[in-house]
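Some notes on the structure that comes next.
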Amino acid sequence: MRRSAGPATLYIVIPCYNEEAVLPITSRLFVDKIASLVDQGKVSPLSRILFVNDGSSDATWELIHSLCQRDERCLGISLSRNRGHQNALLAGLMEARGRCDLTISIDCDGQDDINAMDQMIDAYLDGCDVVYGVRSDRSTDSFFKRESAQAFYRLMRALGADVVYNHADYRLLSSRVLDSLAQYREVNLFLRGMIPLVGFHSTSVYYVRHERLAGKSHYPLKKMVSFAVDGITSLSTKPLRIISILGFLVFLASVLAIVWAFAARAAGVTVPGWASTMVVVSLFGGVQLLCLGVIGEYVGKTYMETKRRPRFIVAERTEYDRAESAERDRSDSAGSTSPDDADAPGESTP
């Protein structure tokens, strides 16, 4: 169903961690893009760019603050400490919730094609509540990163996690998806898997990813492996089922080994051997430690969930500009719908 009732308010949510090298470049691109969308009448003049400083140790927050002072279309929040990309992204989404009709999340490095936002907004206007930005190819990746990424997506699917193939965190979410996402209270976040769980009508937009414009990647191999483990254990319990099946198979093998040992003893053909003993002990010891490690991952995550610690703490905000408040007051006096009403602005009434 086509949405109507005037242009919607868009917030572009951008997590930033030690991005002082690339932020001066990409911030201009984001400002130009939102200005272009406003000029085309696709989004409201109240649309904003929301930068989220994830506890950066460089001058990222100072740059964000300077941007917000120069341009009223830029807003910023700073977390009290580094909480990781997923928590920073969620902080930005929850900050934008109630202030806009839709959000588009995108990384700060300039690798994602910002022109794909036009297609995302077109899909939103056609009735989609979730629009995934999906890479059409991975030619810019190294061989190892490309193959490991493909293996990760295949593994996630095999373990029952509903993830979109070749999709990172470049996506559009409507206001009602944000409201539903706010009901998910888990501490161990993997938004790529959580968004499909929310549901609603969705589609995908395909684009070519570019090289990073400046700076260096903040996702080394160790961090990517940790991210993959978090994703699997946060969304699927199949590894525990696999452990149960493996334990049963090992038990059967043990029974057969015992029967063979007694039979060999009775036949008098036993030959004591150090090598065979070591092989059996090492095999069973390795399997047991692996199983305990997987179980420990789940126990640890359960432990963290029971603490109910906050996923992020916003330490500082830039001032929300007066022009936005004045514009909202004029809109309210003209009889338009406010973000807190039952029918969100920019959406047609069912």
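By order in the structure tokens, chains are A, B, ...; within a chain, residues start at 1; ligands start at 1, following the order shown.
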
Find the spatial neighbours of A:Asn53, counting only C-alpha atoms, within a cut-off of 8 Å - ignore same-chain residues fewer than 4 positions away - and output them as a JSON list (two decimals) with all heavy atoms, in the first residue's frame.
```json
[["chain", "number", "residue", "atom", "x", "y", "z"],
["A", 15, "PRO", "N", 26.90, 5.20, 13.25],
["A", 15, "PRO", "CA", 27.82, 4.92, 14.36],
["A", 15, "PRO", "C", 29.25, 5.32, 13.97],
["A", 15, "PRO", "O", 29.68, 5.10, 12.84],
["A", 15, "PRO", "CB", 27.72, 3.40, 14.54],
["A", 15, "PRO", "CG", 26.52, 2.98, 13.75],
["A", 15, "PRO", "CD", 26.36, 3.97, 12.65],
["A", 16, "CYS", "N", 29.98, 5.89, 14.91],
["A", 16, "CYS", "CA", 31.35, 6.36, 14.64],
["A", 16, "CYS", "C", 32.27, 5.92, 15.77],
["A", 16, "CYS", "O", 31.98, 6.16, 16.94],
["A", 16, "CYS", "CB", 31.39, 7.88, 14.53],
["A", 16, "CYS", "SG", 30.26, 8.60, 13.31],
["A", 17, "TYR", "N", 33.37, 5.30, 15.40],
["A", 17, "TYR", "CA", 34.39, 4.94, 16.39],
["A", 17, "TYR", "C", 35.77, 5.24, 15.81],
["A", 17, "TYR", "O", 36.20, 4.61, 14.83],
["A", 17, "TYR", "CB", 34.29, 3.46, 16.77],
["A", 17, "TYR", "CG", 35.40, 3.02, 17.70],
["A", 17, "TYR", "CD1", 35.47, 3.52, 19.01],
["A", 17, "TYR", "CD2", 36.38, 2.12, 17.28],
["A", 17, "TYR", "CE1", 36.50, 3.13, 19.86],
["A", 17, "TYR", "CE2", 37.39, 1.72, 18.13],
["A", 17, "TYR", "CZ", 37.45, 2.23, 19.42],
["A", 17, "TYR", "OH", 38.46, 1.85, 20.27],
["A", 60, "THR", "N", 36.96, 12.32, 17.20],
["A", 60, "THR", "CA", 35.68, 12.10, 16.50],
["A", 60, "THR", "C", 34.55, 12.93, 17.10],
["A", 60, "THR", "O", 33.78, 13.56, 16.37],
["A", 60, "THR", "CB", 35.32, 10.60, 16.56],
["A", 60, "THR", "OG1", 36.31, 9.85, 15.84],
["A", 60, "THR", "CG2", 33.96, 10.35, 15.93],
["A", 61, "TRP", "N", 34.43, 12.95, 18.43],
["A", 61, "TRP", "CA", 33.33, 13.68, 19.05],
["A", 61, "TRP", "C", 33.47, 15.17, 18.83],
["A", 61, "TRP", "O", 32.47, 15.87, 18.62],
["A", 61, "TRP", "CB", 33.24, 13.36, 20.54],
["A", 61, "TRP", "CG", 32.16, 14.11, 21.26],
["A", 61, "TRP", "CD1", 32.30, 14.93, 22.33],
["A", 61, "TRP", "CD2", 30.76, 14.10, 20.96],
["A", 61, "TRP", "NE1", 31.09, 15.44, 22.73],
["A", 61, "TRP", "CE2", 30.10, 14.95, 21.90],
["A", 61, "TRP", "CE3", 29.97, 13.47, 20.00],
["A", 61, "TRP", "CZ2", 28.74, 15.18, 21.90],
["A", 61, "TRP", "CZ3", 28.60, 13.69, 19.99],
["A", 61, "TRP", "CH2", 27.99, 14.54, 20.92],
["A", 76, "GLY", "N", 24.14, 14.87, 17.17],
["A", 76, "GLY", "CA", 25.09, 13.90, 17.68],
["A", 76, "GLY", "C", 24.83, 13.49, 19.11],
["A", 76, "GLY", "O", 24.33, 14.28, 19.91],
["A", 77, "ILE", "N", 25.15, 12.25, 19.41],
["A", 77, "ILE", "CA", 25.14, 11.76, 20.79],
["A", 77, "ILE", "C", 26.47, 11.04, 21.02],
["A", 77, "ILE", "O", 27.08, 10.50, 20.09],
["A", 77, "ILE", "CB", 23.96, 10.81, 21.09],
["A", 77, "ILE", "CG1", 24.02, 9.56, 20.21],
["A", 77, "ILE", "CG2", 22.64, 11.53, 20.94],
["A", 77, "ILE", "CD1", 22.98, 8.51, 20.57],
["A", 78, "SER", "N", 26.93, 11.05, 22.25],
["A", 78, "SER", "CA", 28.19, 10.40, 22.61],
["A", 78, "SER", "C", 27.94, 9.42, 23.74],
["A", 78, "SER", "O", 27.36, 9.79, 24.78],
["A", 78, "SER", "CB", 29.22, 11.44, 23.03],
["A", 78, "SER", "OG", 30.45, 10.82, 23.34],
["A", 79, "LEU", "N", 28.33, 8.17, 23.56],
["A", 79, "LEU", "CA", 28.17, 7.16, 24.59],
["A", 79, "LEU", "C", 29.25, 7.32, 25.66],
["A", 79, "LEU", "O", 30.33, 7.87, 25.41],
["A", 79, "LEU", "CB", 28.25, 5.75, 23.99],
["A", 79, "LEU", "CG", 27.27, 5.43, 22.85],
["A", 79, "LEU", "CD1", 27.33, 3.95, 22.50],
["A", 79, "LEU", "CD2", 25.84, 5.85, 23.20],
["A", 88, "ALA", "N", 26.13, 0.79, 19.69],
["A", 88, "ALA", "CA", 26.13, 2.18, 19.24],
["A", 88, "ALA", "C", 25.03, 2.40, 18.21],
["A", 88, "ALA", "O", 24.33, 3.43, 18.23],
["A", 88, "ALA", "CB", 27.49, 2.54, 18.65]]
```

_Considering only helix (DSSP H, G or I) as DSSP defines it on the backbone, what residues of stretch 59-215 of chain A qualify? List them as a ChimeraX atom specification._
/A:60-70,85-96,116-125,143-158,175-181,191-198

Within 12 Å of stretch 55-59 of chain A using only C-alpha atoms, minus same-chain residues under 6 positions, as a CSV table (one decimal) with C-alpha atoms, in the first residue's frame:
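Saved to around.csv:
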```csv
chain,number,residue,atom,x,y,z
A,15,PRO,CA,27.8,4.9,14.4
A,16,CYS,CA,31.3,6.4,14.6
A,17,TYR,CA,34.4,4.9,16.4
A,18,ASN,CA,37.8,6.7,15.9
A,19,GLU,CA,36.7,8.1,12.5
A,20,GLU,CA,38.5,11.4,12.6
A,21,ALA,CA,40.3,10.6,9.3
A,22,VAL,CA,37.2,9.8,7.3
A,23,LEU,CA,34.4,11.8,9.0
A,24,PRO,CA,35.3,15.2,7.4
A,65,HIS,CA,30.2,18.7,17.7
A,66,SER,CA,31.7,21.1,15.2
A,77,ILE,CA,25.1,11.8,20.8
A,78,SER,CA,28.2,10.4,22.6
A,79,LEU,CA,28.2,7.2,24.6
A,80,SER,CA,29.9,7.1,28.0
A,81,ARG,CA,32.4,4.4,26.8
A,82,ASN,CA,33.0,2.2,23.8
A,83,ARG,CA,30.1,-0.3,23.6
A,84,GLY,CA,30.7,-1.8,20.2
A,85,HIS,CA,29.2,-1.2,16.8
A,87,ASN,CA,25.1,-1.2,20.8
A,88,ALA,CA,26.1,2.2,19.2
A,218,HIS,CA,38.0,-1.5,12.9
A,312,PHE,CA,24.5,1.7,26.4
A,313,ILE,CA,24.6,5.0,28.3
A,314,VAL,CA,24.4,8.4,26.5
A,315,ALA,CA,26.8,10.7,28.2
A,316,GLU,CA,26.3,13.8,26.0
```

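Residue nearest A:Ile14 within the list A:Gln86, A:Ser36, A:Ser44, A:Ser244: A:Gln86 [criterion: smallest interatomic distance, only C-alpha atoms].
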
_Report, in Å to a single decimal, how far apart atom CA of A:Gly127 and atom CA of A:Thr103 are._
14.7 Å

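For the choices A:Leu292, A:Ala158, A:Leu10, A:Ile121, the atom-to-atom distance to A:Pro45 is smallest for A:Leu10 when using only C-alpha atoms.
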
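Residues lying within 7 Å of A:Ile12, counting only C-alpha atoms and ignoring same-chain neighbours fewer than 5 positions away, are Arg48, Ile49, Leu50, Thr103, Ile104 and Ser105 of chain A.
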
*Distance in Å - atom CA of A:Ser174 versus atom CA of A:Asp101*: 6.0 Å

Using only C-alpha atoms, which residues of stretch 68-145 of chain A come within 9 Å of stretch 168-172 of chain A, and what is the closest atom pair for each, with the distance in Å to one decimal? Give it as a Markdown table, sorted by chain and residue number.
```
| residue | atom | partner | partner_atom | distance |
| --- | --- | --- | --- | --- |
| A:Gln86 | CA | A:Asp169 | CA | 8.9 |
| A:Leu89 | CA | A:Asp169 | CA | 8.8 |
| A:Leu102 | CA | A:Leu172 | CA | 6.9 |
| A:Thr103 | CA | A:Leu172 | CA | 5.6 |
| A:Ile104 | CA | A:Leu172 | CA | 4.3 |
| A:Ser105 | CA | A:Tyr170 | CA | 5.3 |
| A:Ile106 | CA | A:Tyr170 | CA | 4.8 |
| A:Asp107 | CA | A:Tyr170 | CA | 7.3 |
| A:Asp112 | CA | A:Tyr170 | CA | 7.4 |
| A:Met117 | CA | A:Leu172 | CA | 8.3 |
| A:Met120 | CA | A:Leu172 | CA | 6.6 |
| A:Ile121 | CA | A:Leu172 | CA | 7.9 |
| A:Tyr124 | CA | A:Leu172 | CA | 8.0 |
| A:Asp129 | CA | A:Leu172 | CA | 7.6 |
| A:Val130 | CA | A:Leu172 | CA | 5.5 |
| A:Val131 | CA | A:Leu172 | CA | 4.9 |
| A:Tyr132 | CA | A:Arg171 | CA | 4.6 |
| A:Gly133 | CA | A:Tyr170 | CA | 5.1 |
| A:Val134 | CA | A:Ala168 | CA | 7.5 |
| A:Arg135 | CA | A:Ala168 | CA | 8.5 |
```

Selection from above, all heavy atoms, as a compact mmCIF listing (two decimals), in the first residue's frame, can you write it?
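What follows is the written file again19.txt:
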```
# COMPACT_ATOMS: atom_id res chain seq x y z
N GLN A 86 27.27 -2.66 17.42
CA GLN A 86 25.85 -2.99 17.50
C GLN A 86 25.13 -2.16 18.57
O GLN A 86 24.01 -1.68 18.34
CB GLN A 86 25.68 -4.48 17.79
CG GLN A 86 26.24 -5.39 16.71
CD GLN A 86 25.45 -5.31 15.41
OE1 GLN A 86 24.39 -5.90 15.28
NE2 GLN A 86 25.97 -4.57 14.44
N LEU A 89 24.87 1.45 17.31
CA LEU A 89 23.81 1.55 16.30
C LEU A 89 22.44 1.54 16.96
O LEU A 89 21.55 2.35 16.62
CB LEU A 89 23.94 0.41 15.31
CG LEU A 89 22.87 0.32 14.22
CD1 LEU A 89 22.74 1.62 13.46
CD2 LEU A 89 23.18 -0.83 13.27
N LEU A 102 11.13 7.29 9.64
CA LEU A 102 11.98 6.20 9.20
C LEU A 102 13.44 6.54 9.47
O LEU A 102 13.80 7.72 9.57
CB LEU A 102 11.80 5.92 7.70
CG LEU A 102 12.25 7.00 6.71
CD1 LEU A 102 12.65 6.38 5.38
CD2 LEU A 102 11.15 8.03 6.47
N THR A 103 14.24 5.50 9.61
CA THR A 103 15.68 5.67 9.78
C THR A 103 16.40 4.87 8.70
O THR A 103 15.89 3.86 8.21
CB THR A 103 16.17 5.17 11.15
OG1 THR A 103 15.91 3.75 11.26
CG2 THR A 103 15.47 5.90 12.29
N ILE A 104 17.58 5.35 8.35
CA ILE A 104 18.50 4.57 7.52
C ILE A 104 19.82 4.52 8.25
O ILE A 104 20.42 5.56 8.55
CB ILE A 104 18.69 5.19 6.12
CG1 ILE A 104 17.37 5.13 5.33
CG2 ILE A 104 19.78 4.44 5.35
CD1 ILE A 104 17.47 5.76 3.94
N SER A 105 20.28 3.33 8.59
CA SER A 105 21.56 3.18 9.28
C SER A 105 22.64 2.87 8.25
O SER A 105 22.42 2.11 7.31
CB SER A 105 21.48 2.05 10.32
OG SER A 105 21.08 0.83 9.72
N ILE A 106 23.79 3.47 8.44
CA ILE A 106 24.89 3.31 7.50
C ILE A 106 26.20 3.56 8.23
O ILE A 106 26.24 4.35 9.19
CB ILE A 106 24.73 4.28 6.30
CG1 ILE A 106 25.78 4.02 5.21
CG2 ILE A 106 24.78 5.73 6.77
CD1 ILE A 106 25.53 4.80 3.93
N ASP A 107 27.28 2.89 7.81
CA ASP A 107 28.57 3.10 8.43
C ASP A 107 29.18 4.42 7.96
O ASP A 107 28.82 4.96 6.92
CB ASP A 107 29.51 1.94 8.12
CG ASP A 107 29.14 0.68 8.87
OD1 ASP A 107 28.42 0.79 9.88
OD2 ASP A 107 29.55 -0.41 8.44
N ASP A 112 29.55 2.02 1.82
CA ASP A 112 28.19 1.76 1.34
C ASP A 112 27.74 2.89 0.43
O ASP A 112 27.96 4.07 0.72
CB ASP A 112 27.23 1.62 2.53
CG ASP A 112 27.56 0.42 3.40
OD1 ASP A 112 27.90 -0.63 2.84
OD2 ASP A 112 27.49 0.54 4.63
N MET A 117 20.05 4.98 -1.03
CA MET A 117 18.99 5.50 -0.16
C MET A 117 17.76 5.90 -0.95
O MET A 117 16.62 5.78 -0.46
CB MET A 117 19.51 6.70 0.64
CG MET A 117 20.55 6.37 1.68
SD MET A 117 21.00 7.83 2.66
CE MET A 117 22.32 7.17 3.67
N MET A 120 15.79 2.86 -1.40
CA MET A 120 15.23 2.45 -0.11
C MET A 120 13.97 3.25 0.22
O MET A 120 12.95 2.69 0.65
CB MET A 120 16.27 2.62 0.99
CG MET A 120 17.43 1.66 0.94
SD MET A 120 18.56 1.94 2.33
CE MET A 120 19.66 0.54 2.16
N ILE A 121 14.05 4.57 0.02
CA ILE A 121 12.91 5.42 0.35
C ILE A 121 11.76 5.14 -0.61
O ILE A 121 10.58 5.14 -0.20
CB ILE A 121 13.33 6.90 0.31
CG1 ILE A 121 14.34 7.17 1.44
CG2 ILE A 121 12.12 7.82 0.46
CD1 ILE A 121 14.95 8.55 1.39
N TYR A 124 10.11 2.19 0.74
CA TYR A 124 9.34 2.58 1.93
C TYR A 124 8.01 3.22 1.52
O TYR A 124 6.95 2.90 2.10
CB TYR A 124 10.16 3.54 2.79
CG TYR A 124 9.37 4.27 3.85
CD1 TYR A 124 9.06 3.65 5.06
CD2 TYR A 124 8.93 5.57 3.64
CE1 TYR A 124 8.32 4.31 6.04
CE2 TYR A 124 8.19 6.24 4.61
CZ TYR A 124 7.89 5.61 5.80
OH TYR A 124 7.15 6.27 6.76
N ASP A 129 8.36 -1.76 5.32
CA ASP A 129 8.79 -1.25 6.62
C ASP A 129 10.27 -1.52 6.87
O ASP A 129 10.88 -0.86 7.71
CB ASP A 129 7.97 -1.88 7.74
CG ASP A 129 6.55 -1.35 7.77
OD1 ASP A 129 6.37 -0.19 8.16
OD2 ASP A 129 5.62 -2.11 7.41
N VAL A 130 10.83 -2.50 6.19
CA VAL A 130 12.25 -2.83 6.31
C VAL A 130 12.82 -2.96 4.91
O VAL A 130 12.27 -3.69 4.08
CB VAL A 130 12.47 -4.15 7.09
CG1 VAL A 130 13.97 -4.44 7.20
CG2 VAL A 130 11.84 -4.09 8.46
N VAL A 131 13.91 -2.24 4.65
CA VAL A 131 14.59 -2.34 3.36
C VAL A 131 16.06 -2.63 3.64
O VAL A 131 16.75 -1.82 4.26
CB VAL A 131 14.44 -1.06 2.51
CG1 VAL A 131 15.08 -1.28 1.14
CG2 VAL A 131 12.99 -0.66 2.37
N TYR A 132 16.53 -3.79 3.19
CA TYR A 132 17.91 -4.21 3.42
C TYR A 132 18.81 -3.74 2.28
O TYR A 132 18.47 -3.91 1.10
CB TYR A 132 18.01 -5.73 3.52
CG TYR A 132 17.19 -6.33 4.64
CD1 TYR A 132 15.99 -6.98 4.38
CD2 TYR A 132 17.63 -6.26 5.96
CE1 TYR A 132 15.24 -7.55 5.40
CE2 TYR A 132 16.90 -6.82 6.99
CZ TYR A 132 15.69 -7.46 6.71
OH TYR A 132 14.96 -8.00 7.73
N GLY A 133 19.94 -3.14 2.61
CA GLY A 133 20.97 -2.85 1.63
C GLY A 133 21.87 -4.06 1.49
O GLY A 133 22.53 -4.46 2.44
N VAL A 134 21.87 -4.67 0.31
CA VAL A 134 22.58 -5.92 0.09
C VAL A 134 23.68 -5.71 -0.95
O VAL A 134 23.43 -5.13 -2.01
CB VAL A 134 21.62 -7.03 -0.39
CG1 VAL A 134 22.38 -8.33 -0.63
CG2 VAL A 134 20.52 -7.25 0.63
N ARG A 135 24.87 -6.19 -0.66
CA ARG A 135 25.99 -6.07 -1.58
C ARG A 135 25.75 -6.98 -2.79
O ARG A 135 25.47 -8.17 -2.65
CB ARG A 135 27.29 -6.45 -0.90
CG ARG A 135 27.66 -5.54 0.25
CD ARG A 135 28.94 -5.97 0.93
NE ARG A 135 30.09 -5.90 0.01
CZ ARG A 135 31.35 -6.07 0.40
NH1 ARG A 135 31.61 -6.33 1.68
NH2 ARG A 135 32.33 -5.98 -0.45
```
